[in-house]
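Text of data-v4.pdb, listed as PDB, N, CA and C atoms:
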ATOM      1  N   SER A   1     128.362 226.624 220.196
ATOM      2  CA  SER A   1     128.555 225.185 220.221
ATOM      3  C   SER A   1     127.318 224.454 219.698
ATOM      4  N   ASN A   2     126.131 225.054 219.870
ATOM      5  CA  ASN A   2     124.925 224.423 219.323
ATOM      6  C   ASN A   2     124.947 224.410 217.805
ATOM      7  N   ILE A   3     125.567 225.414 217.228
ATOM      8  CA  ILE A   3     125.688 225.453 215.773
ATOM      9  C   ILE A   3     126.591 224.317 215.297
ATOM     10  N   LEU A   4     127.654 224.063 216.019
ATOM     11  CA  LEU A   4     128.547 222.972 215.644
ATOM     12  C   LEU A   4     127.880 221.611 215.812
ATOM     13  N   VAL A   5     126.996 221.489 216.788
ATOM     14  CA  VAL A   5     126.239 220.237 216.951
ATOM     15  C   VAL A   5     125.322 220.031 215.747
ATOM     16  N   GLY A   6     124.658 221.094 215.304
ATOM     17  CA  GLY A   6     123.810 220.994 214.122
ATOM     18  C   GLY A   6     124.606 220.648 212.877
ATOM     19  N   LEU A   7     125.756 221.287 212.712
ATOM     20  CA  LEU A   7     126.616 220.988 211.564
ATOM     21  C   LEU A   7     127.120 219.552 211.617
ATOM     22  N   SER A   8     127.559 219.118 212.774
ATOM     23  CA  SER A   8     128.072 217.751 212.914
ATOM     24  C   SER A   8     126.986 216.717 212.665
ATOM     25  N   THR A   9     125.791 216.979 213.150
ATOM     26  CA  THR A   9     124.670 216.064 212.927
ATOM     27  C   THR A   9     124.341 215.954 211.444
ATOM     28  N   ASN A  10     124.323 217.078 210.751
ATOM     29  CA  ASN A  10     124.037 217.042 209.316
ATOM     30  C   ASN A  10     125.146 216.364 208.532
ATOM     31  N   LEU A  11     126.395 216.593 208.908
ATOM     32  CA  LEU A  11     127.487 215.913 208.227
ATOM     33  C   LEU A  11     127.460 214.406 208.473
ATOM     34  N   LEU A  12     127.094 214.002 209.696
ATOM     35  CA  LEU A  12     126.966 212.575 209.991
ATOM     36  C   LEU A  12     125.840 211.952 209.168
ATOM     37  N   ALA A  13     124.703 212.632 209.086
ATOM     38  CA  ALA A  13     123.590 212.116 208.286
ATOM     39  C   ALA A  13     123.976 212.042 206.812
ATOM     40  N   LEU A  14     124.693 213.058 206.318
ATOM     41  CA  LEU A  14     125.157 213.048 204.933
ATOM     42  C   LEU A  14     126.077 211.862 204.681
ATOM     43  N   LEU A  15     126.989 211.611 205.587
ATOM     44  CA  LEU A  15     127.926 210.501 205.431
ATOM     45  C   LEU A  15     127.209 209.158 205.467
ATOM     46  N   ILE A  16     126.260 209.007 206.379
ATOM     47  CA  ILE A  16     125.520 207.740 206.473
ATOM     48  C   ILE A  16     124.719 207.483 205.208
ATOM     49  N   VAL A  17     124.005 208.492 204.734
ATOM     50  CA  VAL A  17     123.218 208.324 203.508
ATOM     51  C   VAL A  17     124.139 208.057 202.325
ATOM     52  N   PHE A  18     125.271 208.729 202.282
ATOM     53  CA  PHE A  18     126.222 208.523 201.185
ATOM     54  C   PHE A  18     126.767 207.105 201.169
ATOM     55  N   VAL A  19     127.200 206.620 202.310
ATOM     56  CA  VAL A  19     127.819 205.290 202.373
ATOM     57  C   VAL A  19     126.789 204.186 202.152
ATOM     58  N   VAL A  20     125.625 204.325 202.773
ATOM     59  CA  VAL A  20     124.623 203.260 202.704
ATOM     60  C   VAL A  20     123.885 203.243 201.369
ATOM     61  N   GLY A  21     123.557 204.414 200.834
ATOM     62  CA  GLY A  21     122.643 204.430 199.709
ATOM     63  C   GLY A  21     123.188 204.798 198.363
ATOM     64  N   LEU A  22     124.467 205.104 198.237
ATOM     65  CA  LEU A  22     124.979 205.622 196.975
ATOM     66  C   LEU A  22     124.846 204.637 195.827
ATOM     67  N   GLU A  23     125.074 203.369 196.068
ATOM     68  CA  GLU A  23     125.053 202.385 194.987
ATOM     69  C   GLU A  23     123.785 201.532 194.980
ATOM     70  N   ARG A  24     122.734 201.980 195.620
ATOM     71  CA  ARG A  24     121.471 201.234 195.652
ATOM     72  C   ARG A  24     120.611 201.633 194.461
ATOM     73  N   THR A  25     121.040 201.251 193.279
ATOM     74  CA  THR A  25     120.331 201.651 192.066
ATOM     75  C   THR A  25     119.279 200.642 191.635
ATOM     76  N   GLY A  26     119.077 199.582 192.376
ATOM     77  CA  GLY A  26     118.102 198.572 191.995
ATOM     78  C   GLY A  26     116.670 199.078 192.069
ATOM     79  N   ASP A  27     116.346 199.817 193.091
ATOM     80  CA  ASP A  27     115.014 200.390 193.259
ATOM     81  C   ASP A  27     115.068 201.849 192.826
ATOM     82  N   LYS A  28     114.318 202.195 191.776
ATOM     83  CA  LYS A  28     114.406 203.543 191.209
ATOM     84  C   LYS A  28     113.907 204.606 192.179
ATOM     85  N   GLU A  29     112.791 204.355 192.856
ATOM     86  CA  GLU A  29     112.265 205.343 193.802
ATOM     87  C   GLU A  29     113.155 205.466 195.031
ATOM     88  N   GLY A  30     113.703 204.354 195.485
ATOM     89  CA  GLY A  30     114.645 204.395 196.603
ATOM     90  C   GLY A  30     115.901 205.173 196.248
ATOM     91  N   CYS A  31     116.355 205.016 195.022
ATOM     92  CA  CYS A  31     117.521 205.758 194.554
ATOM     93  C   CYS A  31     117.202 207.255 194.500
ATOM     94  N   ARG A  32     116.002 207.605 194.098
ATOM     95  CA  ARG A  32     115.615 209.021 194.074
ATOM     96  C   ARG A  32     115.570 209.603 195.483
ATOM     97  N   VAL A  33     115.088 208.827 196.428
ATOM     98  CA  VAL A  33     115.047 209.299 197.815
ATOM     99  C   VAL A  33     116.460 209.507 198.345
ATOM    100  N   VAL A  34     117.366 208.596 198.028
ATOM    101  CA  VAL A  34     118.756 208.743 198.455
ATOM    102  C   VAL A  34     119.368 209.992 197.832
ATOM    103  N   ALA A  35     119.137 210.216 196.544
ATOM    104  CA  ALA A  35     119.668 211.403 195.878
ATOM    105  C   ALA A  35     119.068 212.678 196.472
ATOM    106  N   LEU A  36     117.793 212.644 196.796
ATOM    107  CA  LEU A  36     117.129 213.790 197.419
ATOM    108  C   LEU A  36     117.716 214.077 198.796
ATOM    109  N   LEU A  37     117.941 213.031 199.584
ATOM    110  CA  LEU A  37     118.538 213.208 200.909
ATOM    111  C   LEU A  37     119.982 213.704 200.828
ATOM    112  N   LEU A  38     120.736 213.208 199.864
ATOM    113  CA  LEU A  38     122.101 213.699 199.677
ATOM    114  C   LEU A  38     122.101 215.183 199.334
ATOM    115  N   HIS A  39     121.204 215.571 198.441
ATOM    116  CA  HIS A  39     121.084 216.978 198.056
ATOM    117  C   HIS A  39     120.725 217.836 199.269
ATOM    118  N   TYR A  40     119.762 217.387 200.050
ATOM    119  CA  TYR A  40     119.308 218.147 201.214
ATOM    120  C   TYR A  40     120.407 218.269 202.277
ATOM    121  N   PHE A  41     121.027 217.171 202.634
ATOM    122  CA  PHE A  41     122.032 217.215 203.703
ATOM    123  C   PHE A  41     123.286 217.977 203.277
ATOM    124  N   LEU A  42     123.630 217.940 202.000
ATOM    125  CA  LEU A  42     124.760 218.731 201.537
ATOM    126  C   LEU A  42     124.442 220.225 201.636
ATOM    127  N   LEU A  43     123.252 220.614 201.225
ATOM    128  CA  LEU A  43     122.861 222.026 201.334
ATOM    129  C   LEU A  43     122.742 222.476 202.783
ATOM    130  N   THR A  44     122.217 221.621 203.661
ATOM    131  CA  THR A  44     122.120 222.015 205.064
ATOM    132  C   THR A  44     123.494 222.141 205.706
ATOM    133  N   SER A  45     124.444 221.325 205.258
ATOM    134  CA  SER A  45     125.801 221.462 205.792
ATOM    135  C   SER A  45     126.389 222.822 205.427
ATOM    136  N   PHE A  46     126.189 223.245 204.191
ATOM    137  CA  PHE A  46     126.657 224.573 203.796
ATOM    138  C   PHE A  46     125.923 225.673 204.563
ATOM    139  N   ALA A  47     124.637 225.488 204.798
ATOM    140  CA  ALA A  47     123.870 226.493 205.540
ATOM    141  C   ALA A  47     124.335 226.581 206.993
ATOM    142  N   TRP A  48     124.655 225.452 207.610
ATOM    143  CA  TRP A  48     125.182 225.478 208.977
ATOM    144  C   TRP A  48     126.554 226.145 209.019
ATOM    145  N   MET A  49     127.367 225.939 207.987
ATOM    146  CA  MET A  49     128.661 226.623 207.934
ATOM    147  C   MET A  49     128.466 228.131 207.810
ATOM    148  N   LEU A  50     127.483 228.544 207.038
ATOM    149  CA  LEU A  50     127.159 229.964 206.937
ATOM    150  C   LEU A  50     126.691 230.512 208.281
ATOM    151  N   ALA A  51     125.867 229.744 208.985
ATOM    152  CA  ALA A  51     125.400 230.168 210.309
ATOM    153  C   ALA A  51     126.555 230.291 211.289
ATOM    154  N   GLU A  52     127.510 229.386 211.219
ATOM    155  CA  GLU A  52     128.683 229.474 212.087
ATOM    156  C   GLU A  52     129.528 230.702 211.757
ATOM    157  N   GLY A  53     129.687 230.988 210.491
ATOM    158  CA  GLY A  53     130.418 232.183 210.089
ATOM    159  C   GLY A  53     129.736 233.451 210.570
ATOM    160  N   TYR A  54     128.416 233.491 210.474
ATOM    161  CA  TYR A  54     127.668 234.648 210.961
ATOM    162  C   TYR A  54     127.800 234.779 212.482
ATOM    163  N   ALA A  55     127.769 233.667 213.187
ATOM    164  CA  ALA A  55     127.914 233.710 214.649
ATOM    165  C   ALA A  55     129.302 234.207 215.046
ATOM    166  N   ILE A  56     130.320 233.778 214.324
ATOM    167  CA  ILE A  56     131.673 234.257 214.609
ATOM    168  C   ILE A  56     131.772 235.751 214.319
ATOM    169  N   TYR A  57     131.184 236.190 213.229
ATOM    170  CA  TYR A  57     131.170 237.619 212.904
ATOM    171  C   TYR A  57     130.506 238.418 214.011
ATOM    172  N   ARG A  58     129.378 237.941 214.486
ATOM    173  CA  ARG A  58     128.665 238.660 215.546
ATOM    174  C   ARG A  58     129.481 238.714 216.830
ATOM    175  N   ARG A  59     130.199 237.647 217.144
ATOM    176  CA  ARG A  59     131.016 237.632 218.361
ATOM    177  C   ARG A  59     132.212 238.571 218.264
ATOM    178  N   LEU A  60     132.780 238.686 217.083
ATOM    179  CA  LEU A  60     133.995 239.478 216.934
ATOM    180  C   LEU A  60     133.736 240.948 216.616
ATOM    181  N   VAL A  61     132.713 241.245 215.837
ATOM    182  CA  VAL A  61     132.500 242.605 215.358
ATOM    183  C   VAL A  61     131.442 243.340 216.168
ATOM    184  N   THR A  62     130.313 242.719 216.363
ATOM    185  CA  THR A  62     129.218 243.369 217.062
ATOM    186  C   THR A  62     129.405 243.156 218.561
ATOM    187  N   VAL A  63     129.519 244.247 219.300
ATOM    188  CA  VAL A  63     129.795 244.131 220.723
ATOM    189  C   VAL A  63     128.603 244.566 221.567
ATOM    190  N   PHE A  64     128.131 245.762 221.344
ATOM    191  CA  PHE A  64     127.070 246.313 222.191
ATOM    192  C   PHE A  64     125.711 246.216 221.510
ATOM    193  N   GLY A  65     124.694 245.942 222.313
ATOM    194  CA  GLY A  65     123.325 245.899 221.807
ATOM    195  C   GLY A  65     123.092 244.817 220.774
ATOM    196  N   SER A  66     123.689 243.677 220.959
ATOM    197  CA  SER A  66     123.594 242.638 219.945
ATOM    198  C   SER A  66     122.789 241.422 220.401
ATOM    199  N   TYR A  67     121.953 241.571 221.409
ATOM    200  CA  TYR A  67     121.167 240.430 221.881
ATOM    201  C   TYR A  67     119.999 240.184 220.932
ATOM    202  N   ILE A  68     119.877 238.960 220.472
ATOM    203  CA  ILE A  68     118.760 238.550 219.628
ATOM    204  C   ILE A  68     118.060 237.407 220.348
ATOM    205  N   PRO A  69     116.779 237.589 220.707
ATOM    206  CA  PRO A  69     116.092 236.501 221.410
ATOM    207  C   PRO A  69     115.933 235.269 220.516
ATOM    208  N   HIS A  70     116.114 234.100 221.109
ATOM    209  CA  HIS A  70     115.989 232.805 220.415
ATOM    210  C   HIS A  70     116.904 232.743 219.189
ATOM    211  N   TYR A  71     118.129 233.167 219.360
ATOM    212  CA  TYR A  71     119.101 233.286 218.280
ATOM    213  C   TYR A  71     119.388 231.934 217.622
ATOM    214  N   ILE A  72     119.662 230.917 218.418
ATOM    215  CA  ILE A  72     120.007 229.597 217.886
ATOM    216  C   ILE A  72     118.807 228.957 217.188
ATOM    217  N   VAL A  73     117.623 229.160 217.736
ATOM    218  CA  VAL A  73     116.417 228.595 217.111
ATOM    219  C   VAL A  73     116.201 229.218 215.737
ATOM    220  N   LYS A  74     116.390 230.512 215.637
ATOM    221  CA  LYS A  74     116.224 231.186 214.352
ATOM    222  C   LYS A  74     117.273 230.719 213.342
ATOM    223  N   LEU A  75     118.510 230.583 213.798
ATOM    224  CA  LEU A  75     119.552 230.081 212.895
ATOM    225  C   LEU A  75     119.264 228.650 212.448
ATOM    226  N   ALA A  76     118.781 227.827 213.366
ATOM    227  CA  ALA A  76     118.473 226.434 213.021
ATOM    228  C   ALA A  76     117.329 226.356 212.015
ATOM    229  N   LEU A  77     116.318 227.187 212.198
ATOM    230  CA  LEU A  77     115.206 227.196 211.243
ATOM    231  C   LEU A  77     115.662 227.636 209.859
ATOM    232  N   LEU A  78     116.531 228.617 209.814
ATOM    233  CA  LEU A  78     117.055 229.053 208.521
ATOM    234  C   LEU A  78     117.971 228.005 207.901
ATOM    235  N   ALA A  79     118.830 227.400 208.720
ATOM    236  CA  ALA A  79     119.788 226.428 208.208
ATOM    237  C   ALA A  79     119.116 225.136 207.743
ATOM    238  N   GLN A  80     117.976 224.806 208.290
ATOM    239  CA  GLN A  80     117.256 223.606 207.878
ATOM    240  C   GLN A  80     116.149 223.933 206.874
ATOM    241  N   GLY A  81     115.556 225.109 206.983
ATOM    242  CA  GLY A  81     114.396 225.452 206.164
ATOM    243  C   GLY A  81     114.718 225.881 204.758
ATOM    244  N   ILE A  82     115.727 226.731 204.597
ATOM    245  CA  ILE A  82     116.066 227.213 203.257
ATOM    246  C   ILE A  82     116.533 226.071 202.348
ATOM    247  N   PRO A  83     117.414 225.169 202.812
ATOM    248  CA  PRO A  83     117.758 224.031 201.951
ATOM    249  C   PRO A  83     116.557 223.126 201.633
ATOM    250  N   ALA A  84     115.655 222.969 202.596
ATOM    251  CA  ALA A  84     114.458 222.159 202.331
ATOM    252  C   ALA A  84     113.628 222.788 201.221
ATOM    253  N   LEU A  85     113.494 224.098 201.259
ATOM    254  CA  LEU A  85     112.745 224.803 200.223
ATOM    255  C   LEU A  85     113.419 224.650 198.862
ATOM    256  N   ILE A  86     114.730 224.753 198.831
ATOM    257  CA  ILE A  86     115.468 224.600 197.578
ATOM    258  C   ILE A  86     115.294 223.192 197.010
ATOM    259  N   VAL A  87     115.378 222.181 197.870
ATOM    260  CA  VAL A  87     115.242 220.790 197.409
ATOM    261  C   VAL A  87     113.816 220.517 196.935
ATOM    262  N   ILE A  88     112.833 221.055 197.631
ATOM    263  CA  ILE A  88     111.434 220.856 197.214
ATOM    264  C   ILE A  88     111.186 221.492 195.848
ATOM    265  N   VAL A  89     111.691 222.699 195.640
ATOM    266  CA  VAL A  89     111.514 223.369 194.343
ATOM    267  C   VAL A  89     112.250 222.618 193.243
ATOM    268  N   ALA A  90     113.476 222.162 193.526
ATOM    269  CA  ALA A  90     114.243 221.414 192.524
ATOM    270  C   ALA A  90     113.573 220.089 192.189
ATOM    271  N   ALA A  91     113.040 219.408 193.200
ATOM    272  CA  ALA A  91     112.360 218.132 192.947
ATOM    273  C   ALA A  91     111.059 218.342 192.185
ATOM    274  N   ALA A  92     110.357 219.427 192.487
ATOM    275  CA  ALA A  92     109.113 219.711 191.770
ATOM    276  C   ALA A  92     109.393 220.111 190.319
ATOM    277  N   ALA A  93     110.504 220.791 190.082
ATOM    278  CA  ALA A  93     110.833 221.221 188.726
ATOM    279  C   ALA A  93     111.253 220.058 187.845
ATOM    280  N   ASP A  94     112.031 219.136 188.392
ATOM    281  CA  ASP A  94     112.530 218.021 187.578
ATOM    282  C   ASP A  94     112.791 216.812 188.468
ATOM    283  N   TRP A  95     111.755 216.037 188.743
ATOM    284  CA  TRP A  95     111.859 214.874 189.607
ATOM    285  C   TRP A  95     112.752 213.804 188.987
ATOM    286  N   ASP A  96     112.803 213.745 187.669
ATOM    287  CA  ASP A  96     113.610 212.723 186.994
ATOM    288  C   ASP A  96     115.106 212.962 187.132
ATOM    289  N   SER A  97     115.524 214.181 187.493
ATOM    290  CA  SER A  97     116.954 214.438 187.639
ATOM    291  C   SER A  97     117.516 213.799 188.912
ATOM    292  N   TYR A  98     116.650 213.283 189.776
ATOM    293  CA  TYR A  98     117.110 212.618 190.993
ATOM    294  C   TYR A  98     117.336 211.123 190.798
ATOM    295  N   SER A  99     117.363 210.673 189.564
ATOM    296  CA  SER A  99     117.667 209.262 189.310
ATOM    297  C   SER A  99     118.826 209.178 188.334
ATOM    298  N   ASN A 100     119.641 208.177 188.534
ATOM    299  CA  ASN A 100     120.807 207.963 187.703
ATOM    300  C   ASN A 100     120.996 206.457 187.598
ATOM    301  N   THR A 101     121.594 206.002 186.525
ATOM    302  CA  THR A 101     121.728 204.555 186.338
ATOM    303  C   THR A 101     122.935 203.983 187.076
ATOM    304  N   ASN A 102     123.985 204.756 187.270
ATOM    305  CA  ASN A 102     125.208 204.238 187.889
ATOM    306  C   ASN A 102     125.196 204.373 189.402
ATOM    307  N   ILE A 103     124.935 205.575 189.880
ATOM    308  CA  ILE A 103     124.918 205.848 191.313
ATOM    309  C   ILE A 103     123.733 206.743 191.630
ATOM    310  N   CYS A 104     123.313 206.717 192.883
ATOM    311  CA  CYS A 104     122.167 207.519 193.304
ATOM    312  C   CYS A 104     122.637 208.924 193.670
ATOM    313  N   ARG A 105     122.536 209.816 192.742
ATOM    314  CA  ARG A 105     122.924 211.206 192.971
ATOM    315  C   ARG A 105     122.100 212.093 192.044
ATOM    316  N   LEU A 106     122.218 213.379 192.267
ATOM    317  CA  LEU A 106     121.522 214.345 191.423
ATOM    318  C   LEU A 106     122.190 214.387 190.059
ATOM    319  N   ALA A 107     121.428 214.076 189.020
ATOM    320  CA  ALA A 107     121.972 214.066 187.664
ATOM    321  C   ALA A 107     121.970 215.481 187.090
ATOM    322  N   ASN A 108     122.699 215.651 186.022
ATOM    323  CA  ASN A 108     122.706 216.947 185.354
ATOM    324  C   ASN A 108     121.311 217.246 184.825
ATOM    325  N   GLY A 109     120.837 218.427 185.085
ATOM    326  CA  GLY A 109     119.496 218.781 184.635
ATOM    327  C   GLY A 109     119.092 220.136 185.163
ATOM    328  N   VAL A 110     117.800 220.324 185.316
ATOM    329  CA  VAL A 110     117.242 221.601 185.712
ATOM    330  C   VAL A 110     117.718 222.009 187.099
ATOM    331  N   ALA A 111     117.916 221.068 187.995
ATOM    332  CA  ALA A 111     118.275 221.386 189.379
ATOM    333  C   ALA A 111     119.624 222.077 189.498
ATOM    334  N   PHE A 112     120.496 221.946 188.509
ATOM    335  CA  PHE A 112     121.790 222.613 188.550
ATOM    336  C   PHE A 112     121.692 224.074 188.147
ATOM    337  N   TYR A 113     120.571 224.462 187.588
ATOM    338  CA  TYR A 113     120.408 225.854 187.163
ATOM    339  C   TYR A 113     119.479 226.531 188.107
TER
END
Rewrite the coordinates I just gave you, this time as structure tokens.
Amino acid sequence: SNILVGLSTNLLALLIVFVVGLERTGDKEGCRVVALLLHYFLLTSFAWMLAEGYAIYRRLVTVFGSYIPHYIVKLALLAQGIPALIVIVAAAADWDSYSNTNICRLANGVAFY
């Protein structure tokens, strides 16, 4: 259930950033921050879904000797940390791809590869 709380929190943050900031193209740096946050929260949502799938697998398949200390903390660090690393590398590779003239989203560029 803690995994679902993390997933729900990230989806709520993604929705809020999407609704509030998608069309805020007046400020270029603000638009880049919105695009960066959209990229991050979308990736973390997928990572939380992966963590939930792994937790279901462990509950159904692995029965004996499957105790992992601080299991939820480790999953949370992976679900939040790996997407952060991906977004940092993508932003460092091509910061200009996080700006667009129509809407604040990740534009086609290096970050897609």
Exercise. Report as number ranges by chain the full result of the PyMOL selection byres (((chain A and resi 2-6 and name CA) around 8) and name CA) when it is applied to this structure.
Key: A: 1, 7-10, 48, 51-52, 72, 76
Quiz prompt | Separation of atom C of Ala91 in chain A from atom C of Asn108 in chain A in Å | solution =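 Atom-to-atom, atom C of Asn108 in chain A and atom C of Ala91 in chain A are spaced 12.7 Å apart.
Counting only C-alpha atoms, the residue from A:Ala79, A:Val87, A:Cys104, A:Leu50 that sits nearest to Val34 in chain A is A:Cys104.
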Exercise. Could you give me, as a list of chain:residue names, the residues within 6.5 Å of Arg105 in chain A, counting all atoms listed in the file and dropping anything in the same chain fewer than 5 positions from it?
Key: A:Leu22, A:Cys31, A:Val34, A:Ala35, A:Leu36, A:Ser97, A:Tyr98, A:Ser99, A:Asn100
Practice problem: Would you kindly translate the PyMOL selection byres (((chain A and resi 83 and name CA) around 12) and name CA) into the concrete residues it picks from this file, as a list in words? | Solution: Asn10, Leu36, Leu37, Leu38, His39, Tyr40, Phe41, Leu42, Leu43, Thr44, Ser45, Phe46, Ala47, Trp48, Ala76, Leu77, Leu78, Ala79, Gln80, Gly81, Ile82, Ala84, Leu85, Ile86, Val87, Ile88, Val89 and Ala90 of chain A
Self-check item: Best match for closeness to Thr25 in chain A among A:Lys74, A:Leu60, A:Thr101, A:Gly53, counting all atoms listed in the file
Solution: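 The shortest atom-to-atom distance to Thr25 in chain A comes from A:Thr101.
Here atom C of Trp95 in chain A and CA of Asp27 in chain A stand 14.3 Å from one another.
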Quiz item: For the atom pair CA of Ile103 in chain A and CA of Ala13 in chain A, what is the interatomic distance in Å to one decimal place?
Solution: 18.1 Å
Practice problem: Please give the complete set of residues from chain A that DSSP, run on the backbone, assigns to alpha helix (DSSP H), formatted as a PyMOL selection string. | Solution: chain A and resi 2-21+28-60+71-93
Quiz item: Between A:Val63, A:Val20, A:Ala55, A:Ala93, which has the minimum distance to Leu75 in chain A (counting only C-alpha atoms)?
Solution: A:Ala55
